[in-house]
Protein chains: 4
Amino acid sequence: MYPTLLIDCPDQPGIVQAVTRFLYEAGVNIVRLDQHASEPVGGHYFMRLEFATANQSKTEAHMAEFQTKVAQHYAMRWQLYWPEPKPKVAVLCSKTSHTLLEILHLNSQGKLGGVVTKVISNHETLRELVESYNLPFHHVPIDKTSESKQASEAQILKLTEGDDLLVMARYMQILTDEFVSHWPLKIINIHHSFLPAFVGADPYRQAFDKGVKLIGATAHYATAELDQGPIIEQDVARFSHRESLSELRNLGQDVERAVLARAVRWHLERRIIVHHNKTIVFR
Amino acid sequence: MYPTLLIDCPDQPGIVQAVTRFLYEAGVNIVRLDQHASEPVGGHYFMRLEFATANQSKTEAHMAEFQTKVAQHYAMRWQLYWPEPKPKVAVLCSKTSHTLLEILHLNSQGKLGGVVTKVISNHETLRELVESYNLPFHHVPIDKTSESKQASEAQILKLTEGDDLLVMARYMQILTDEFVSHWPLKIINIHHSFLPAFVGADPYRQAFDKGVKLIGATAHYATAELDQGPIIEQDVARFSHRESLSELRNLGQDVERAVLARAVRWHLERRIIVHHNKTIVFR
Amino acid sequence: MYPTLLIDCPDQPGIVQAVTRFLYEAGVNIVRLDQHASEPVGGHYFMRLEFATANQSKTEAHMAEFQTKVAQHYAMRWQLYWPEPKPKVAVLCSKTSHTLLEILHLNSQGKLGGVVTKVISNHETLRELVESYNLPFHHVPIDKTSESKQASEAQILKLTEGDDLLVMARYMQILTDEFVSHWPLKIINIHHSFLPAFVGADPYRQAFDKGVKLIGATAHYATAELDQGPIIEQDVARFSHRESLSELRNLGQDVERAVLARAVRWHLERRIIVHHNKTIVFR
Amino acid sequence: MYPTLLIDCPDQPGIVQAVTRFLYEAGVNIVRLDQHASEPVGGHYFMRLEFATANQSKTEAHMAEFQTKVAQHYAMRWQLYWPEPKPKVAVLCSKTSHTLLEILHLNSQGKLGGVVTKVISNHETLRELVESYNLPFHHVPIDKTSESKQASEAQILKLTEGDDLLVMARYMQILTDEFVSHWPLKIINIHHSFLPAFVGADPYRQAFDKGVKLIGATAHYATAELDQGPIIEQDVARFSHRESLSELRNLGQDVERAVLARAVRWHLERRIIVHHNKTIVFR
């Protein structure tokens, strides 16, 4: 992992030379550069750089200069991420284990791009699984009253102080707008089946009854508008009449865990820039 | 191509032995048998058989017996299809050629499973293309009045007398319920993008603005309820921010033509049974 | 899971009616039937049946009759599998965990179609992982002498007495013909990269250096001819120049674990018949 | 389409800023930039730029300066491509039409990225098809003598003077090294089935007999070493025992035509740089 710089701004001539020249003169060696413009001319510009530097504090000083010498001129939003400390991830779950397990597995292999600090659930069901990975498990129950929801969210906010990302690994609670607004573009959710195709309860049954030939999953950032946040990743698996509803669920769960894992990893590897409710994912 | 028998009925023990024993005793040699039950016990049963027979008229006589000796007992719906004459296909189109061309190409190669008899369009745009394939092209214009729609549909009904299937190769007109009811499960439509995700105008732009990571197409039978008929086939292609809206359209059109071609071929090869608004496709 | 009957024989008219009639008269209710003929006429015939029966011992008695009344006449090979006891699986591995972990995970979820009884490795590396799943881990070291190989295989044979399947989860030893002959079509191996494309050492590097655009894995039954046994399943993932050799390995490992898991599950669910070194997989 | 600049050189710090600064100062507006380094540090560097310029002749003059001021310093190979005139494509074929038709179709739709000037074949079979697209068809027969091959290749060389790319659309002749050396990285070939898996005659039958579960195609540049030139694109389709050898061929042909079309389009859109017998494809 290298230090990573994410930049976006209104497009205009000269951006790439201004950024790369500044970095070159700051003694920083670009290892990877990706860029994208939403339109050939006059759109929005996106840039991701990985670079090597011999001296972190010197580079940080240079980046203060970068703000005044380059970024202001081009009206840039930019963010520099150092590889250490690794981003901290809290996982929310309920009773089903498939997506949680994928995250815990990648975490234990050091392939997540961050470190899982804790798992929080509104049920006790998955405590043993979590603790077998030597991770703290917090049971934050919730009933149907709004007081309970408020109390539960307050407790989760407290537990996740210091974390950098919340992953909803099939956490079956709708977060309030207020809660979500504490974590702008820092909550990743996985939705079974294609959005916005089968919104609502038991989408696998909806898809099965409809006779779909593909079954999919979508990972997206959670925003106030339920299930309408920026899409990070989607995938599908082929389904036929030979398979039962329960096989469709298994197949769907396989897609869900793969899609969520990719979305979380890309976020933690700083590959994503969001603009106008759409993601640019530099893979 | 072999003669093909499609059967469906409420499931109960003994169906397969009753059917196969009857055919065996009728001197018919089963070449391929596919079956499906919607539930392990107590569901609906579906069967598709291809068979070889030395004597077509004798077998037709046997099938009259089949009705009284087997089918009635099990409350079967059944249909026997002989390979000749090949089913006749009329294609409806408007201005875009990608799906039409795929159908005409397969037809000219003898790989469609039927024969295209004519192309009907509400525009003159594709006349030259169609006539280069030595097929009749009928221009049936239509304006926004309901009289025009009525007259147009009457003319299409007349032109398609004797045809067995209507293929809507991006025919950009909504058919009336009355028209559709003349062709029960005999009109195949292709819809760009996933149903029911992006219903309405310019779904490719909708999908692009939403930042989807996959773009799909769905082929289905047209029924009175617009775009909600039984799904025959679906597929997707991967899409990224690197690609423009026009590239997304190209990609989507590639998916559309492949999906429509498969759906039409499967129908003409008698691979599809529809039950409760879902398709069983014996591939 | 239902009792499953696998049958194959030279094709001829009347097989399906003979089998289904016998079962019907034996009071057995067919839940699922799949069949396949290698040629329309005169080839080899394959059949898989799942059925429900109220009385296991009665059905077993009937199957003795089946042998004399039906199977002999058609020169059938057949095998009846009851759902209990579940097939026993021993897993062989070396130092890498990705495929092993997938097998252990499915096993712990009850989704493997059998039960893992033990893990055997020529290294100690994965002991902790295996024991965290409460499974016995046996270290059977091996050096480069043929005496060592002989002793090691003798020990593995002893350890696996009573098991029904050996899974080579990236076990990096070549088994002797003699060992393999003890387990005919009962050892499943996973090979990274497409067979027979990149045979030999470090196929990922070979594929990387060649600039392949897809990376694949193949699961097959181990036979005396190294890596040439019947193919059970294959899959690929797309690869581009953007990805490094180590990312290619990760991608390849993801394909490997998915492919091996499907192959093992299909075997344990009795979905596979092998004929002339090819598999028929009734999915 | 924009003017496109392809660059590659040994990697070192400062390349991107040197190139982009030069272009900025030359009044050229970068529309798209892709880059790649084969290693984080010390590898080989690749760059592709699309740009807009108000004055083509002025930019050409600048590029002469580019050579002395930038390219020499970094030991760059570079090539500038203007959108007009479009690259000229000659297609070689034999008797099968599927890949040829795909190329002709894309060409007629203006989606190939170049223009087909002629089709050359060692058989008369496809003359009518080609002429229906209003393109010249040249029959260059060849028998098994080496004199005939020499004469045939001489005639093809003459016919293709002025063309920029040769596409072998299932041209079933092995080109001599001498012929290939006239067209370095300017001949694209399609090979059915995965390279180097099933080299030799009738690879579809080889794959069928082997019981493969996937069937693929590879498009590559032709080099002196038969079928070992740099791979441009690969794809696969899933195959099962249900499908016959002839269905496998159809499926394989669908993959072939899609893969060849993508490879040719990417070449003509100047998306490919070849280095050490591997392609970098900026998609």
# chains A, B, ... in the order shown; residues from 1 in each chain; ligands from 1
call {"tool": "residues_around", "arguments": {"residues": "Pro10 (chain A)", "least_positions_apart": "3", "cutoff": "9 Å", "atoms": "only C-alpha atoms", "output": "number ranges by chain"}}
result
A: 42-46, 74-76
call {"tool": "write_last_selection", "arguments": {"atoms": "C-alpha atoms", "output": "PDB file, in the first residue's frame"}}
result
ATOM      1  CA  GLY A  42     -16.503  20.970 -19.502  1.00  0.00           C
ATOM      2  CA  GLY A  43     -17.413  18.173 -17.138  1.00  0.00           C
ATOM      3  CA  HIS A  44     -16.086  17.154 -13.748  1.00  0.00           C
ATOM      4  CA  TYR A  45     -12.558  15.855 -13.270  1.00  0.00           C
ATOM      5  CA  PHE A  46     -11.449  12.985 -10.986  1.00  0.00           C
ATOM      6  CA  TYR A  74      -8.732  24.694  -9.622  1.00  0.00           C
ATOM      7  CA  ALA A  75     -11.382  24.609  -6.861  1.00  0.00           C
ATOM      8  CA  MET A  76     -10.294  21.100  -5.934  1.00  0.00           C
TER       9      MET A  76
END
call {"tool": "closest_atom_pairs", "arguments": {"of": "chain A", "to": "chain D", "cutoff": "6 Å", "atoms": "only C-alpha atoms", "output": "JSON lines"}}
result
{"residue": "A:Pro13", "atom": "CA", "partner": "D:Asn29", "partner_atom": "CA", "distance": 5.6}
{"residue": "A:Gly14", "atom": "CA", "partner": "D:Tyr24", "partner_atom": "CA", "distance": 5.8}
{"residue": "A:Gln17", "atom": "CA", "partner": "D:Thr20", "partner_atom": "CA", "distance": 4.9}
{"residue": "A:Thr20", "atom": "CA", "partner": "D:Gln17", "partner_atom": "CA", "distance": 4.9}
{"residue": "A:Arg21", "atom": "CA", "partner": "D:Gln17", "partner_atom": "CA", "distance": 5.0}
{"residue": "A:Tyr24", "atom": "CA", "partner": "D:Gly14", "partner_atom": "CA", "distance": 5.9}
{"residue": "A:Asn29", "atom": "CA", "partner": "D:Pro13", "partner_atom": "CA", "distance": 5.6}
{"residue": "A:Val31", "atom": "CA", "partner": "D:Pro40", "partner_atom": "CA", "distance": 5.3}
{"residue": "A:Pro40", "atom": "CA", "partner": "D:Val31", "partner_atom": "CA", "distance": 5.2}
call {"tool": "write_last_selection", "arguments": {"atoms": "C-alpha atoms", "output": "compact mmCIF listing (two decimals), in the first residue's frame"}}
result
# COMPACT_ATOMS: atom_id res chain seq x y z
CA PRO A 13 -7.12 22.40 -19.21
CA GLY A 14 -3.92 21.98 -17.26
CA GLN A 17 0.23 18.88 -15.46
CA THR A 20 1.99 16.03 -11.42
CA ARG A 21 4.48 18.90 -11.73
CA TYR A 24 7.48 15.93 -9.03
CA ASN A 29 7.33 9.63 -7.12
CA VAL A 31 3.48 4.99 -8.71
CA PRO A 40 -14.66 15.21 -22.93
call {"tool": "atom_distance", "arguments": {"atom1": "CA of Lys86 (chain D)", "atom2": "CA of Val115 (chain D)"}}
result
6.5 Å
call {"tool": "residues_around", "arguments": {"residues": "Leu165 (chain A)", "least_positions_apart": "6", "cutoff": "9 Å", "atoms": "only C-alpha atoms", "output": "PyMOL selection string"}}
result
chain A and resi 87-91+183+185-188+264+267-268
call {"tool": "atom_distance", "arguments": {"atom1": "CA of Met1 (chain B)", "atom2": "CA of Asp209 (chain D)"}}
result
23.3 Å
call {"tool": "residues_around", "arguments": {"residues": "region 118-130 of chain C", "least_positions_apart": "2", "cutoff": "10 Å", "atoms": "only C-alpha atoms", "output": "ChimeraX atom specification"}}
result
/C:88-97,100-101,104,115-116,132-143,152,156,159-160,163,166-169,171-173
call {"tool": "write_last_selection", "arguments": {"atoms": "N, CA and C atoms", "output": "tab-separated table (two decimals), in the first residue's frame"}}
result
chain	number	residue	atom	x	y	z
C	88	LYS	N	-18.48	-39.30	4.19
C	88	LYS	CA	-17.38	-38.79	5.01
C	88	LYS	C	-16.25	-38.30	4.12
C	89	VAL	N	-15.74	-37.12	4.47
C	89	VAL	CA	-14.76	-36.45	3.62
C	89	VAL	C	-13.47	-36.20	4.39
C	90	ALA	N	-12.36	-36.66	3.84
C	90	ALA	CA	-11.05	-36.28	4.39
C	90	ALA	C	-10.42	-35.26	3.45
C	91	VAL	N	-9.82	-34.24	4.06
C	91	VAL	CA	-9.23	-33.17	3.24
C	91	VAL	C	-7.71	-33.21	3.37
C	92	LEU	N	-7.03	-33.17	2.23
C	92	LEU	CA	-5.57	-33.08	2.21
C	92	LEU	C	-5.16	-31.66	1.84
C	93	CYS	N	-4.18	-31.11	2.57
C	93	CYS	CA	-3.72	-29.77	2.21
C	93	CYS	C	-2.23	-29.64	2.51
C	94	SER	N	-1.66	-28.52	2.11
C	94	SER	CA	-0.25	-28.28	2.40
C	94	SER	C	-0.12	-27.00	3.22
C	95	LYS	N	0.20	-25.87	2.58
C	95	LYS	CA	0.39	-24.64	3.35
C	95	LYS	C	-0.62	-23.55	3.08
C	96	THR	N	-1.26	-23.57	1.90
C	96	THR	CA	-2.19	-22.48	1.58
C	96	THR	C	-3.59	-22.83	2.06
C	97	SER	N	-4.30	-21.80	2.54
C	97	SER	CA	-5.54	-22.04	3.25
C	97	SER	C	-6.81	-21.76	2.46
C	100	LEU	N	-9.02	-24.84	1.50
C	100	LEU	CA	-9.37	-25.56	2.73
C	100	LEU	C	-10.44	-24.81	3.50
C	101	LEU	N	-10.23	-23.50	3.65
C	101	LEU	CA	-11.15	-22.69	4.42
C	101	LEU	C	-12.56	-22.73	3.84
C	104	LEU	N	-14.07	-26.02	4.85
C	104	LEU	CA	-14.41	-26.05	6.28
C	104	LEU	C	-15.61	-25.16	6.57
C	115	VAL	N	-19.83	-34.73	5.48
C	115	VAL	CA	-19.19	-34.20	6.69
C	115	VAL	C	-17.68	-34.41	6.62
C	116	VAL	N	-16.96	-33.35	6.94
C	116	VAL	CA	-15.51	-33.47	7.00
C	116	VAL	C	-15.13	-34.19	8.28
C	132	SER	N	-9.45	-24.81	15.09
C	132	SER	CA	-10.46	-23.81	15.46
C	132	SER	C	-11.84	-24.23	14.96
C	133	TYR	N	-11.89	-25.14	13.99
C	133	TYR	CA	-13.17	-25.69	13.53
C	133	TYR	C	-13.50	-27.00	14.25
C	134	ASN	N	-12.74	-27.32	15.30
C	134	ASN	CA	-12.98	-28.55	16.06
C	134	ASN	C	-12.88	-29.81	15.21
C	135	LEU	N	-11.88	-29.83	14.37
C	135	LEU	CA	-11.66	-31.01	13.55
C	135	LEU	C	-10.25	-31.53	13.80
C	136	PRO	N	-10.07	-32.87	13.73
C	136	PRO	CA	-8.72	-33.42	13.92
C	136	PRO	C	-7.79	-33.05	12.75
C	137	PHE	N	-6.58	-32.68	13.13
C	137	PHE	CA	-5.54	-32.33	12.14
C	137	PHE	C	-4.41	-33.35	12.25
C	138	HIS	N	-4.07	-33.98	11.16
C	138	HIS	CA	-2.99	-34.97	11.17
C	138	HIS	C	-1.82	-34.47	10.33
C	139	HIS	N	-0.67	-34.40	10.96
C	139	HIS	CA	0.53	-34.01	10.24
C	139	HIS	C	1.23	-35.27	9.73
C	140	VAL	N	1.28	-35.42	8.42
C	140	VAL	CA	1.96	-36.56	7.81
C	140	VAL	C	3.08	-36.01	6.93
C	141	PRO	N	4.28	-35.84	7.53
C	141	PRO	CA	5.36	-35.20	6.78
C	141	PRO	C	5.87	-36.11	5.67
C	142	ILE	N	6.57	-35.50	4.76
C	142	ILE	CA	7.09	-36.25	3.62
C	142	ILE	C	8.34	-35.55	3.12
C	143	ASP	N	9.39	-36.32	2.86
C	143	ASP	CA	10.56	-35.69	2.26
C	143	ASP	C	10.72	-36.20	0.83
C	152	SER	N	4.36	-42.15	3.82
C	152	SER	CA	3.34	-41.12	3.98
C	152	SER	C	2.01	-41.58	3.40
C	156	ILE	N	-1.59	-42.17	5.21
C	156	ILE	CA	-2.83	-41.50	4.79
C	156	ILE	C	-3.91	-42.54	4.51
C	159	LEU	N	-5.26	-43.53	7.80
C	159	LEU	CA	-6.07	-42.47	8.42
C	159	LEU	C	-7.43	-42.31	7.75
C	160	THR	N	-7.49	-42.61	6.46
C	160	THR	CA	-8.73	-42.34	5.74
C	160	THR	C	-9.61	-43.57	5.56
C	163	ASP	N	-13.46	-43.34	5.15
C	163	ASP	CA	-13.90	-42.12	4.47
C	163	ASP	C	-14.41	-42.46	3.06
C	166	LEU	N	-11.77	-38.16	-0.84
C	166	LEU	CA	-10.58	-37.35	-0.52
C	166	LEU	C	-10.63	-36.07	-1.33
C	167	VAL	N	-10.47	-34.95	-0.64
C	167	VAL	CA	-10.41	-33.68	-1.34
C	167	VAL	C	-9.00	-33.11	-1.23
C	168	MET	N	-8.37	-32.87	-2.37
C	168	MET	CA	-7.03	-32.28	-2.37
C	168	MET	C	-7.18	-30.76	-2.45
C	169	ALA	N	-7.13	-30.14	-1.28
C	169	ALA	CA	-7.32	-28.70	-1.20
C	169	ALA	C	-5.95	-28.02	-1.32
C	171	TYR	N	-3.15	-29.70	-2.08
C	171	TYR	CA	-2.15	-30.60	-1.50
C	171	TYR	C	-1.04	-30.73	-2.52
C	172	MET	N	0.14	-30.22	-2.18
C	172	MET	CA	1.18	-30.05	-3.18
C	172	MET	C	2.09	-31.27	-3.31
C	173	GLN	N	1.51	-32.44	-3.30
C	173	GLN	CA	2.25	-33.68	-3.51
C	173	GLN	C	1.60	-34.44	-4.65
call {"tool": "atom_distance", "arguments": {"atom1": "CA of Gly113 (chain A)", "atom2": "CA of Ala258 (chain A)"}}
result
15.2 Å
